[in-house]
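Data block for query.txt (compact mmCIF, C-alpha atoms):
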```txt
# COMPACT_ATOMS: atom_id res chain seq x y z
CA MET A 801 26.77 -34.28 -0.19
CA THR A 802 29.11 -32.64 -2.70
CA LEU A 803 27.25 -30.82 -5.39
CA ARG A 804 28.92 -30.88 -8.78
CA GLU A 805 28.16 -28.66 -11.75
CA LEU A 806 25.67 -31.21 -13.04
CA ASP A 807 23.84 -31.22 -9.70
CA LYS A 808 23.65 -27.43 -9.74
CA ARG A 809 22.14 -27.51 -13.23
CA ILE A 810 19.61 -30.13 -12.16
CA ILE A 811 18.70 -28.27 -8.95
CA ALA A 812 18.33 -24.98 -10.81
CA ARG A 813 15.94 -26.70 -13.21
CA LEU A 814 13.93 -28.51 -10.53
CA GLN A 815 13.17 -25.21 -8.81
CA GLY A 816 11.14 -24.38 -11.86
CA ASP A 817 7.94 -26.01 -12.98
CA LEU A 818 7.65 -29.59 -14.21
CA PRO A 819 6.59 -29.52 -17.85
CA LEU A 820 3.03 -30.69 -18.33
CA VAL A 821 3.80 -33.51 -20.78
CA PRO A 822 3.33 -37.29 -20.41
CA GLU A 823 7.04 -37.84 -19.66
CA PRO A 824 8.13 -34.70 -17.80
CA PHE A 825 11.26 -36.17 -16.21
CA ALA A 826 12.51 -37.35 -19.59
CA ALA A 827 11.98 -33.80 -20.87
CA ILE A 828 14.01 -32.28 -18.01
CA ALA A 829 16.69 -34.97 -18.40
CA ARG A 830 17.08 -34.01 -22.05
CA GLU A 831 17.41 -30.34 -21.05
CA VAL A 832 20.27 -31.05 -18.66
CA GLY A 833 21.83 -33.71 -20.88
CA ILE A 834 21.35 -36.95 -18.95
CA SER A 835 18.99 -39.94 -19.15
CA GLU A 836 15.63 -40.04 -17.43
CA GLU A 837 16.81 -42.85 -15.15
CA GLU A 838 19.89 -40.85 -14.12
CA LEU A 839 17.68 -37.87 -13.32
CA LEU A 840 15.26 -39.90 -11.19
CA THR A 841 18.21 -41.47 -9.35
CA LYS A 842 19.60 -37.98 -8.71
CA ILE A 843 16.25 -36.77 -7.36
CA ARG A 844 15.98 -39.75 -4.99
CA GLY A 845 19.54 -39.04 -3.85
CA TYR A 846 18.71 -35.38 -3.08
CA LEU A 847 15.69 -36.49 -1.07
CA GLU A 848 17.73 -39.04 0.87
CA ALA A 849 20.46 -36.50 1.64
CA GLY A 850 17.86 -33.95 2.69
CA VAL A 851 19.13 -31.48 0.10
CA MET A 852 15.63 -31.61 -1.32
CA ARG A 853 12.94 -31.50 1.34
CA ARG A 854 10.29 -32.82 -1.00
CA PHE A 855 9.28 -33.05 -4.61
CA SER A 856 5.75 -31.89 -4.68
CA THR A 857 3.05 -29.57 -5.86
CA ILE A 858 3.23 -26.11 -4.39
CA LEU A 859 -0.08 -24.35 -4.04
CA ARG A 860 -0.65 -20.66 -3.87
CA HIS A 861 -1.54 -18.98 -0.61
CA HIS A 862 -5.19 -19.82 -0.33
CA ARG A 863 -6.17 -19.26 3.19
CA ALA A 864 -8.87 -16.86 2.21
CA GLY A 865 -9.08 -13.79 4.37
CA TYR A 866 -5.90 -14.42 6.35
CA THR A 867 -4.18 -11.33 5.08
CA ALA A 868 -3.00 -9.60 8.26
CA ASN A 869 0.49 -10.42 9.44
CA ALA A 870 3.04 -8.92 11.76
CA MET A 871 6.47 -9.63 13.09
CA CYS A 872 6.15 -9.77 16.86
CA CYS A 873 9.40 -9.24 18.75
CA TRP A 874 9.82 -10.29 22.37
CA LEU A 875 12.26 -9.25 25.05
CA VAL A 876 12.85 -12.49 26.92
CA PRO A 877 15.34 -12.96 29.78
CA PRO A 878 18.10 -15.30 28.50
CA GLU A 879 17.28 -18.04 30.99
CA ARG A 880 13.66 -18.11 29.83
CA VAL A 881 14.28 -18.21 26.04
CA GLU A 882 14.08 -21.99 25.78
CA GLU A 883 10.79 -22.31 27.60
CA ALA A 884 9.16 -19.23 26.07
CA GLY A 885 10.21 -20.25 22.56
CA ARG A 886 8.61 -23.65 22.99
CA VAL A 887 5.36 -22.16 24.23
CA MET A 888 5.26 -19.63 21.37
CA ALA A 889 5.77 -22.44 18.87
CA THR A 890 2.51 -24.06 19.99
CA PHE A 891 0.40 -21.10 18.84
CA ARG A 892 -1.17 -21.74 15.46
CA GLU A 893 -1.14 -17.99 14.73
CA ALA A 894 2.66 -18.12 14.84
CA SER A 895 4.15 -19.56 11.65
CA HIS A 896 7.81 -19.01 12.55
CA VAL A 897 9.55 -18.66 15.91
CA TYR A 898 13.24 -17.74 16.03
CA GLN A 899 15.80 -16.57 18.54
CA ARG A 900 18.02 -13.79 17.14
CA PRO A 901 20.89 -11.67 18.51
CA THR A 902 20.33 -8.38 20.33
CA TYR A 903 21.96 -4.94 20.18
CA PRO A 904 21.86 -1.92 22.49
CA ASP A 905 19.24 -0.36 20.21
CA TRP A 906 17.48 -3.68 19.49
CA PRO A 907 16.90 -5.62 22.72
CA TYR A 908 14.27 -8.06 21.39
CA ASN A 909 15.57 -11.62 21.13
CA LEU A 910 12.59 -13.81 20.16
CA PHE A 911 10.70 -13.31 16.90
CA THR A 912 7.31 -14.71 15.94
CA MET A 913 5.57 -14.19 12.60
CA LEU A 914 1.88 -13.82 13.39
CA HIS A 915 -0.99 -14.30 10.94
CA GLY A 916 -4.67 -13.49 11.19
CA LYS A 917 -7.69 -12.05 9.44
CA THR A 918 -7.42 -8.60 10.97
CA LYS A 919 -4.94 -6.49 12.89
CA GLU A 920 -7.10 -7.08 15.96
CA ASP A 921 -6.51 -10.84 15.64
CA LEU A 922 -2.80 -10.17 15.82
CA TYR A 923 -3.06 -7.92 18.87
CA ARG A 924 -5.15 -10.63 20.53
CA ALA A 925 -2.71 -13.42 19.61
CA ALA A 926 0.21 -11.40 20.95
CA ALA A 927 -1.67 -10.70 24.18
CA GLU A 928 -2.45 -14.41 24.58
CA ILE A 929 1.16 -15.38 23.97
CA SER A 930 2.19 -12.74 26.49
CA ALA A 931 -0.24 -14.10 29.07
CA ARG A 932 0.85 -17.70 28.52
CA THR A 933 4.59 -16.97 28.63
CA GLY A 934 4.58 -14.15 31.15
CA ILE A 935 6.70 -12.09 28.74
CA GLY A 936 5.30 -8.57 28.91
CA GLU A 937 7.75 -6.63 26.75
CA TYR A 938 7.02 -7.02 23.10
CA ARG A 939 6.52 -5.04 19.91
CA LEU A 940 4.24 -5.81 16.98
CA LEU A 941 5.81 -4.62 13.74
CA PHE A 942 3.29 -4.45 10.94
CA SER A 943 4.53 -4.34 7.38
CA THR A 944 3.18 -1.23 5.72
CA GLU A 945 4.73 -1.66 2.31
CA GLU A 946 6.06 -4.67 0.43
CA PHE A 947 9.09 -3.95 -1.74
CA LYS A 948 9.99 -7.54 -2.61
CA LYS A 949 8.66 -11.03 -1.98
CA THR A 950 10.13 -13.88 -3.93
CA SER A 951 11.64 -17.36 -3.65
CA MET A 952 15.38 -17.81 -3.72
CA GLU A 953 16.65 -19.17 -7.01
CA TYR A 954 19.62 -21.35 -6.18
CA PHE A 955 22.37 -21.84 -8.76
CA LYS A 956 20.58 -19.76 -11.35
CA GLN A 957 22.95 -19.18 -14.24
CA MET B 802 -8.04 -26.23 5.69
CA GLY B 803 -6.93 -23.36 3.46
CA LEU B 804 -7.68 -25.28 0.37
CA GLU B 805 -11.27 -25.95 1.30
CA ASP B 806 -11.78 -22.28 2.16
CA ALA B 807 -10.57 -20.97 -1.13
CA ALA B 808 -11.61 -23.80 -3.35
CA GLY B 809 -15.28 -24.16 -2.64
CA ASN B 810 -15.93 -24.60 -6.32
CA LEU B 811 -13.56 -27.52 -6.81
CA THR B 812 -15.03 -30.91 -7.61
CA PRO B 813 -14.34 -33.73 -5.14
CA LEU B 814 -12.17 -35.33 -7.81
CA ASP B 815 -10.06 -32.19 -8.14
CA ARG B 816 -9.61 -32.10 -4.39
CA GLU B 817 -8.53 -35.70 -4.36
CA LEU B 818 -6.12 -34.96 -7.17
CA LEU B 819 -4.71 -31.96 -5.28
CA ASN B 820 -4.24 -34.04 -2.16
CA LEU B 821 -2.37 -36.70 -4.12
CA LEU B 822 -0.31 -34.10 -5.96
CA GLN B 823 0.72 -32.55 -2.67
CA SER B 824 1.42 -35.67 -0.66
CA ASP B 825 3.48 -37.79 -2.98
CA PHE B 826 4.12 -36.85 -6.54
CA PRO B 827 5.17 -40.04 -8.37
CA LEU B 828 8.84 -40.06 -9.29
CA THR B 829 8.31 -42.28 -12.29
CA GLY B 830 8.54 -41.96 -16.03
CA ARG B 831 4.83 -41.22 -16.50
CA PRO B 832 3.70 -39.57 -13.28
CA PHE B 833 0.39 -38.30 -14.61
CA ALA B 834 -0.55 -41.81 -15.76
CA ALA B 835 0.41 -43.13 -12.30
CA LEU B 836 -1.78 -40.50 -10.62
CA GLY B 837 -4.59 -41.40 -13.02
CA GLU B 838 -4.40 -45.05 -12.04
CA ARG B 839 -4.96 -44.13 -8.42
CA LEU B 840 -7.92 -41.90 -9.30
CA GLY B 841 -9.44 -44.02 -12.03
CA LEU B 842 -8.65 -41.40 -14.67
CA GLY B 843 -6.72 -41.46 -17.89
CA GLU B 844 -3.35 -39.74 -18.23
CA GLU B 845 -4.75 -37.03 -20.50
CA GLU B 846 -7.62 -36.31 -18.12
CA VAL B 847 -5.17 -35.86 -15.22
CA MET B 848 -2.99 -33.56 -17.30
CA SER B 849 -5.90 -31.41 -18.39
CA ARG B 850 -7.14 -31.12 -14.80
CA VAL B 851 -3.64 -30.12 -13.62
CA ALA B 852 -3.52 -27.58 -16.45
CA ALA B 853 -6.85 -26.13 -15.29
CA LEU B 854 -5.66 -25.97 -11.66
CA LYS B 855 -2.58 -24.07 -12.82
CA GLU B 856 -4.64 -21.76 -14.97
CA SER B 857 -6.95 -20.90 -12.08
CA GLY B 858 -3.91 -20.12 -9.94
CA ILE B 859 -4.39 -22.86 -7.36
CA ILE B 860 -1.21 -24.68 -8.32
CA ARG B 861 1.89 -22.50 -8.28
CA ARG B 862 4.27 -25.14 -9.60
CA ILE B 863 5.28 -28.78 -9.41
CA GLY B 864 8.91 -29.18 -8.46
CA GLY B 865 11.57 -29.52 -5.81
CA ILE B 866 11.69 -27.72 -2.47
CA PHE B 867 15.27 -27.40 -1.34
CA ASP B 868 16.99 -26.94 2.01
CA SER B 869 19.03 -23.78 1.58
CA GLY B 870 21.46 -24.74 4.36
CA LYS B 871 22.22 -28.12 2.80
CA LEU B 872 22.80 -26.41 -0.55
CA GLY B 873 25.50 -24.36 1.16
CA PHE B 874 23.54 -21.13 1.50
CA THR B 875 23.01 -19.09 4.64
CA SER B 876 20.21 -16.69 5.33
CA THR B 877 19.73 -13.81 7.69
CA LEU B 878 17.26 -11.14 8.65
CA VAL B 879 18.46 -7.54 8.51
CA ALA B 880 16.96 -4.42 10.09
CA LEU B 881 17.75 -0.99 8.68
CA GLN B 882 17.13 2.44 10.04
CA VAL B 883 16.68 4.68 7.02
CA GLU B 884 16.06 8.41 6.68
CA GLU B 885 12.40 8.69 5.75
CA GLY B 886 13.10 10.73 2.61
CA LYS B 887 15.54 8.11 1.32
CA LEU B 888 13.54 5.02 2.18
CA ARG B 889 12.21 4.22 -1.27
CA GLU B 890 15.61 4.68 -2.88
CA VAL B 891 17.30 2.46 -0.31
CA ALA B 892 14.50 -0.12 -0.57
CA ALA B 893 14.98 -0.29 -4.35
CA ALA B 894 18.75 -0.69 -4.00
CA VAL B 895 18.27 -3.47 -1.44
CA SER B 896 15.67 -5.27 -3.55
CA ALA B 897 18.06 -5.25 -6.50
CA TYR B 898 20.23 -7.92 -4.83
CA ALA B 899 19.24 -11.39 -6.07
CA GLY B 900 19.82 -12.78 -2.56
CA VAL B 901 17.22 -10.46 -1.03
CA THR B 902 14.02 -12.52 -0.99
CA HIS B 903 11.73 -10.40 1.23
CA ASN B 904 11.87 -6.66 1.80
CA TYR B 905 9.29 -4.72 3.80
CA ARG B 906 8.74 -1.30 5.31
CA ARG B 907 7.69 -1.69 8.94
CA GLU B 908 6.31 0.74 11.49
CA HIS B 909 9.33 1.23 13.72
CA GLU B 910 12.52 3.25 14.05
CA PHE B 911 14.01 0.31 12.19
CA ASN B 912 11.84 0.91 9.19
CA LEU B 913 13.20 -1.44 6.52
CA TRP B 914 13.48 -5.21 7.07
CA PHE B 915 14.81 -7.71 4.58
CA THR B 916 15.97 -11.32 4.34
CA LEU B 917 19.26 -12.04 2.63
CA VAL B 918 20.35 -15.42 1.27
CA THR B 919 24.04 -15.75 0.33
CA SER B 920 26.34 -18.57 -0.72
CA SER B 921 29.16 -17.59 1.68
CA ALA B 922 29.92 -15.55 4.77
CA GLU B 923 32.14 -13.31 2.63
CA GLU B 924 29.30 -12.55 0.24
CA ARG B 925 27.03 -11.77 3.18
CA GLU B 926 29.57 -9.40 4.77
CA ARG B 927 30.28 -7.67 1.49
CA THR B 928 26.59 -7.19 0.73
CA LEU B 929 25.84 -5.84 4.21
CA LYS B 930 28.77 -3.40 3.96
CA GLU B 931 27.49 -2.13 0.62
CA ILE B 932 23.99 -1.66 1.96
CA GLU B 933 25.22 0.02 5.14
CA ALA B 934 27.07 2.55 2.96
CA LEU B 935 23.96 3.56 0.98
CA PRO B 936 23.04 7.24 1.46
CA GLY B 937 20.27 7.54 4.04
CA VAL B 938 21.10 4.38 5.99
CA ARG B 939 21.59 5.34 9.64
CA ALA B 940 21.99 1.89 11.16
CA LEU B 941 22.12 -1.75 10.08
CA ARG B 942 21.52 -4.67 12.42
CA ASN B 943 22.27 -8.19 11.27
CA LEU B 944 19.88 -10.64 12.96
CA PRO B 945 20.72 -14.20 11.86
CA ALA B 946 18.65 -16.94 13.48
CA LEU B 947 20.46 -18.35 16.50
CA ARG B 948 17.85 -20.96 17.14
CA LEU B 949 14.67 -22.16 15.44
CA PHE B 950 11.66 -23.08 17.51
CA LYS B 951 9.27 -23.36 14.59
CA ILE B 952 9.64 -22.97 10.87
CA GLY B 953 6.37 -22.56 9.05
CA VAL B 954 4.98 -26.04 9.41
CA ASN B 955 1.96 -25.07 7.38
CA PHE B 956 3.78 -22.48 5.41
CA ASP B 957 1.89 -23.23 2.20
CA MET B 958 -1.04 -21.36 3.62
CA TRP B 959 1.01 -18.41 4.72
CA GLU B 960 2.26 -15.62 2.57
CA ASN B 961 5.89 -16.65 2.36
CA GLY B 962 7.27 -18.29 -0.72
CA GLU B 963 7.65 -22.01 -0.32
CA ALA B 964 11.42 -21.86 -0.52
CA ASN B 965 11.53 -19.55 2.46
CA SER B 966 10.48 -21.81 5.24
CA ASP B 967 13.92 -21.38 6.73
CA ASP B 968 14.47 -17.70 6.09
CA ALA B 969 11.15 -16.13 6.85
CA PRO B 970 10.90 -12.37 7.20
```
For this file, write the structure as structure tokens.
Amino acid sequence: MTLRELDKRIIARLQGDLPLVPEPFAAIAREVGISEEELLTKIRGYLEAGVMRRFSTILRHHRAGYTANAMCCWLVPPERVEEAGRVMATFREASHVYQRPTYPDWPYNLFTMLHGKTKEDLYRAAAEISARTGIGEYRLLFSTEEFKKTSMEYFKQ
Amino acid sequence: MGLEDAAGNLTPLDRELLNLLQSDFPLTGRPFAALGERLGLGEEEVMSRVAALKESGIIRRIGGIFDSGKLGFTSTLVALQVEEGKLREVAAAVSAYAGVTHNYRREHEFNLWFTLVTSSAEERERTLKEIEALPGVRALRNLPALRLFKIGVNFDMWENGEANSDDAP
């Protein structure tokens, strides 16, 4: 899908909040200078093309008490990456599982983001993943300070 | 699950509204009226309940969630080894880039970790070169995802911003 200037303006606007008025799409359409019907057609097109994953209501993080998180990095033999990655993905404590490149001073190739109520939960989850996969070499990297956490703003003028 | 935990004081109607709002927001001229029809509420009532849910912080926003790759953006995770005395300065310089969405100190020799979203490979390379040249940076390791096994299926309940399901820290 080729994104023209108009699309970029629409997408930039749709990353913001829908105005809380009876006809919110008409309001956004006016802002970007098209008709409501054109805007709704555009939105359906973005959804069909997969450019937009969904148009929805985004809630705040509300899983009360689940405040501990860590990046857990695993040293997995290349021939076992596929299988180990699949097993790691089944753990509900792991929100993201990725394979990433290695370096002489960074040998860990699989990454899992772990979430729990306490640090102990994370140690336990990592130990369980280790037991299930047979991967014994791993590091839990806790974040000790947050400098930035935001959503990407695409095509922001 | 998360919702119930945190929202013990919500009325059943509010919960029903939240479920509807999350599953399929009507793409029609009067979406709040359409939601009201399904709940047996008037348009104004729906709007005032949505306003209250925003006010109480439960709803972050109503809008589009985009696929960064399909928009032509690429993301990567970067690990930095920074001299302890320079860490805060380097962290501030890194955070100043609009494409840096997450930036954390972590307990490791590689003590600063950030995600970078850029609109081209050239922009990524240029940004990484600039960061690598910052005083106090000893090493920079670019760690783009080679393969995804899972990307935050239930990411709404995790800490990451909703637009970051594909570029998590």
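When only C-alpha atoms are used to measure the gap to B:Ser824, the shortest distance among A:Ser835, A:Pro824, A:Ser856, A:Gly845 belongs to A:Ser856.
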For chain B, work out the contacting residues on chain A at 8 Å, counting only C-alpha atoms, and write them as an NGL selection string. :A and (803 or 811 or 814-818 or 820-826 or 836 or 840 or 850-864 or 871 or 885-886 or 889 or 895-903 or 913 or 915 or 941-952)
Can I get the selection written as a PDB file, in the coordinates of the input, with C-alpha atoms?
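Output below, filename result_4.pdb:
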```
ATOM      1  CA  LEU A 803      27.250 -30.820  -5.390  1.00  0.00           C
ATOM      2  CA  ILE A 811      18.700 -28.270  -8.950  1.00  0.00           C
ATOM      3  CA  LEU A 814      13.930 -28.510 -10.530  1.00  0.00           C
ATOM      4  CA  GLN A 815      13.170 -25.210  -8.810  1.00  0.00           C
ATOM      5  CA  GLY A 816      11.140 -24.380 -11.860  1.00  0.00           C
ATOM      6  CA  ASP A 817       7.940 -26.010 -12.980  1.00  0.00           C
ATOM      7  CA  LEU A 818       7.650 -29.590 -14.210  1.00  0.00           C
ATOM      8  CA  LEU A 820       3.030 -30.690 -18.330  1.00  0.00           C
ATOM      9  CA  VAL A 821       3.800 -33.510 -20.780  1.00  0.00           C
ATOM     10  CA  PRO A 822       3.330 -37.290 -20.410  1.00  0.00           C
ATOM     11  CA  GLU A 823       7.040 -37.840 -19.660  1.00  0.00           C
ATOM     12  CA  PRO A 824       8.130 -34.700 -17.800  1.00  0.00           C
ATOM     13  CA  PHE A 825      11.260 -36.170 -16.210  1.00  0.00           C
ATOM     14  CA  ALA A 826      12.510 -37.350 -19.590  1.00  0.00           C
ATOM     15  CA  GLU A 836      15.630 -40.040 -17.430  1.00  0.00           C
ATOM     16  CA  LEU A 840      15.260 -39.900 -11.190  1.00  0.00           C
ATOM     17  CA  GLY A 850      17.860 -33.950   2.690  1.00  0.00           C
ATOM     18  CA  VAL A 851      19.130 -31.480   0.100  1.00  0.00           C
ATOM     19  CA  MET A 852      15.630 -31.610  -1.320  1.00  0.00           C
ATOM     20  CA  ARG A 853      12.940 -31.500   1.340  1.00  0.00           C
ATOM     21  CA  ARG A 854      10.290 -32.820  -1.000  1.00  0.00           C
ATOM     22  CA  PHE A 855       9.280 -33.050  -4.610  1.00  0.00           C
ATOM     23  CA  SER A 856       5.750 -31.890  -4.680  1.00  0.00           C
ATOM     24  CA  THR A 857       3.050 -29.570  -5.860  1.00  0.00           C
ATOM     25  CA  ILE A 858       3.230 -26.110  -4.390  1.00  0.00           C
ATOM     26  CA  LEU A 859      -0.080 -24.350  -4.040  1.00  0.00           C
ATOM     27  CA  ARG A 860      -0.650 -20.660  -3.870  1.00  0.00           C
ATOM     28  CA  HIS A 861      -1.540 -18.980  -0.610  1.00  0.00           C
ATOM     29  CA  HIS A 862      -5.190 -19.820  -0.330  1.00  0.00           C
ATOM     30  CA  ARG A 863      -6.170 -19.260   3.190  1.00  0.00           C
ATOM     31  CA  ALA A 864      -8.870 -16.860   2.210  1.00  0.00           C
ATOM     32  CA  MET A 871       6.470  -9.630  13.090  1.00  0.00           C
ATOM     33  CA  GLY A 885      10.210 -20.250  22.560  1.00  0.00           C
ATOM     34  CA  ARG A 886       8.610 -23.650  22.990  1.00  0.00           C
ATOM     35  CA  ALA A 889       5.770 -22.440  18.870  1.00  0.00           C
ATOM     36  CA  SER A 895       4.150 -19.560  11.650  1.00  0.00           C
ATOM     37  CA  HIS A 896       7.810 -19.010  12.550  1.00  0.00           C
ATOM     38  CA  VAL A 897       9.550 -18.660  15.910  1.00  0.00           C
ATOM     39  CA  TYR A 898      13.240 -17.740  16.030  1.00  0.00           C
ATOM     40  CA  GLN A 899      15.800 -16.570  18.540  1.00  0.00           C
ATOM     41  CA  ARG A 900      18.020 -13.790  17.140  1.00  0.00           C
ATOM     42  CA  PRO A 901      20.890 -11.670  18.510  1.00  0.00           C
ATOM     43  CA  THR A 902      20.330  -8.380  20.330  1.00  0.00           C
ATOM     44  CA  TYR A 903      21.960  -4.940  20.180  1.00  0.00           C
ATOM     45  CA  MET A 913       5.570 -14.190  12.600  1.00  0.00           C
ATOM     46  CA  HIS A 915      -0.990 -14.300  10.940  1.00  0.00           C
ATOM     47  CA  LEU A 941       5.810  -4.620  13.740  1.00  0.00           C
ATOM     48  CA  PHE A 942       3.290  -4.450  10.940  1.00  0.00           C
ATOM     49  CA  SER A 943       4.530  -4.340   7.380  1.00  0.00           C
ATOM     50  CA  THR A 944       3.180  -1.230   5.720  1.00  0.00           C
ATOM     51  CA  GLU A 945       4.730  -1.660   2.310  1.00  0.00           C
ATOM     52  CA  GLU A 946       6.060  -4.670   0.430  1.00  0.00           C
ATOM     53  CA  PHE A 947       9.090  -3.950  -1.740  1.00  0.00           C
ATOM     54  CA  LYS A 948       9.990  -7.540  -2.610  1.00  0.00           C
ATOM     55  CA  LYS A 949       8.660 -11.030  -1.980  1.00  0.00           C
ATOM     56  CA  THR A 950      10.130 -13.880  -3.930  1.00  0.00           C
ATOM     57  CA  SER A 951      11.640 -17.360  -3.650  1.00  0.00           C
ATOM     58  CA  MET A 952      15.380 -17.810  -3.720  1.00  0.00           C
TER      59      MET A 952
END
```
Using the file's own x, y and z axes, so that the box edges lie along x, y and z, what centre and edge lengths in Å (one decimal) does a box around every listed atom of stretch 824-832 of chain B get when 3 Å is added on each side? Give it as lines of an AutoDock Vina configuration file.
```
center_x = 5.1
center_y = -39.0
center_z = -8.6
size_x = 13.4
size_y = 12.6
size_z = 21.8
```
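Taking atom CA of A:Met801 and atom CA of A:Arg830 as endpoints, the distance between them is 23.9 Å.
Atom CA of A:Glu928 is positioned 27.4 Å from atom CA of A:Pro904.
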Hey, can you pull every residue with an atom no more than 9 Å from (8.2, -7.6, 16.2), using all atoms listed in the file, and send it as a PyMOL selection string? chain A and resi 870-874+908+910-913+938-942
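For the pair atom CA of A:Ile810 and atom CA of A:Lys842, the separation is 8.6 Å.
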Excluding same-chain residues fewer than 2 positions from A:Gly916, what lies within 7 Å of it counting only C-alpha atoms, as a ChimeraX atom specification? /A:866-869,893,914,918,921-922
Same residues, C-alpha atoms, saved as a PDB file, keeping the file's coordinate frame:
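Generated output (again_31.pdb):
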```pdb
ATOM      1  CA  TYR A 866      -5.900 -14.420   6.350  1.00  0.00           C
ATOM      2  CA  THR A 867      -4.180 -11.330   5.080  1.00  0.00           C
ATOM      3  CA  ALA A 868      -3.000  -9.600   8.260  1.00  0.00           C
ATOM      4  CA  ASN A 869       0.490 -10.420   9.440  1.00  0.00           C
ATOM      5  CA  GLU A 893      -1.140 -17.990  14.730  1.00  0.00           C
ATOM      6  CA  LEU A 914       1.880 -13.820  13.390  1.00  0.00           C
ATOM      7  CA  THR A 918      -7.420  -8.600  10.970  1.00  0.00           C
ATOM      8  CA  ASP A 921      -6.510 -10.840  15.640  1.00  0.00           C
ATOM      9  CA  LEU A 922      -2.800 -10.170  15.820  1.00  0.00           C
TER      10      LEU A 922
END
```
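Here the question is which of B:Val891, B:Ala835, B:Ala853, B:Val847 gets nearest to B:Leu935 using all atoms listed in the file, and that residue is B:Val891.
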Given all atoms listed in the file as the counted atoms, nearest of A:Ala926, A:Glu848, A:Glu837, A:Ile935 to A:Pro878: A:Ile935
Residues within 10 Å of stretch 930-932 of chain B, please, as an mmCIF file with C-alpha atoms, in the coordinates of the input. Count only C-alpha atoms; anything in the same chain fewer than 2 positions from it doesn't count.
```cif
data_model
loop_
_atom_site.group_PDB
_atom_site.id
_atom_site.type_symbol
_atom_site.label_atom_id
_atom_site.label_comp_id
_atom_site.auth_asym_id
_atom_site.auth_seq_id
_atom_site.Cartn_x
_atom_site.Cartn_y
_atom_site.Cartn_z
ATOM 1 C CA LEU B 881 17.750 -0.990 8.680
ATOM 2 C CA VAL B 891 17.300 2.460 -0.310
ATOM 3 C CA ALA B 892 14.500 -0.120 -0.570
ATOM 4 C CA ALA B 894 18.750 -0.690 -4.000
ATOM 5 C CA VAL B 895 18.270 -3.470 -1.440
ATOM 6 C CA TYR B 898 20.230 -7.920 -4.830
ATOM 7 C CA GLU B 924 29.300 -12.550 0.240
ATOM 8 C CA ARG B 925 27.030 -11.770 3.180
ATOM 9 C CA GLU B 926 29.570 -9.400 4.770
ATOM 10 C CA ARG B 927 30.280 -7.670 1.490
ATOM 11 C CA THR B 928 26.590 -7.190 0.730
ATOM 12 C CA ALA B 934 27.070 2.550 2.960
ATOM 13 C CA LEU B 935 23.960 3.560 0.980
ATOM 14 C CA PRO B 936 23.040 7.240 1.460
ATOM 15 C CA VAL B 938 21.100 4.380 5.990
ATOM 16 C CA LEU B 941 22.120 -1.750 10.080
#
```
Point out the residue among A:Ile929, A:Asn909, A:Lys956, A:Glu805 with the least atom-to-atom distance to A:Val881, counting only C-alpha atoms. A:Asn909
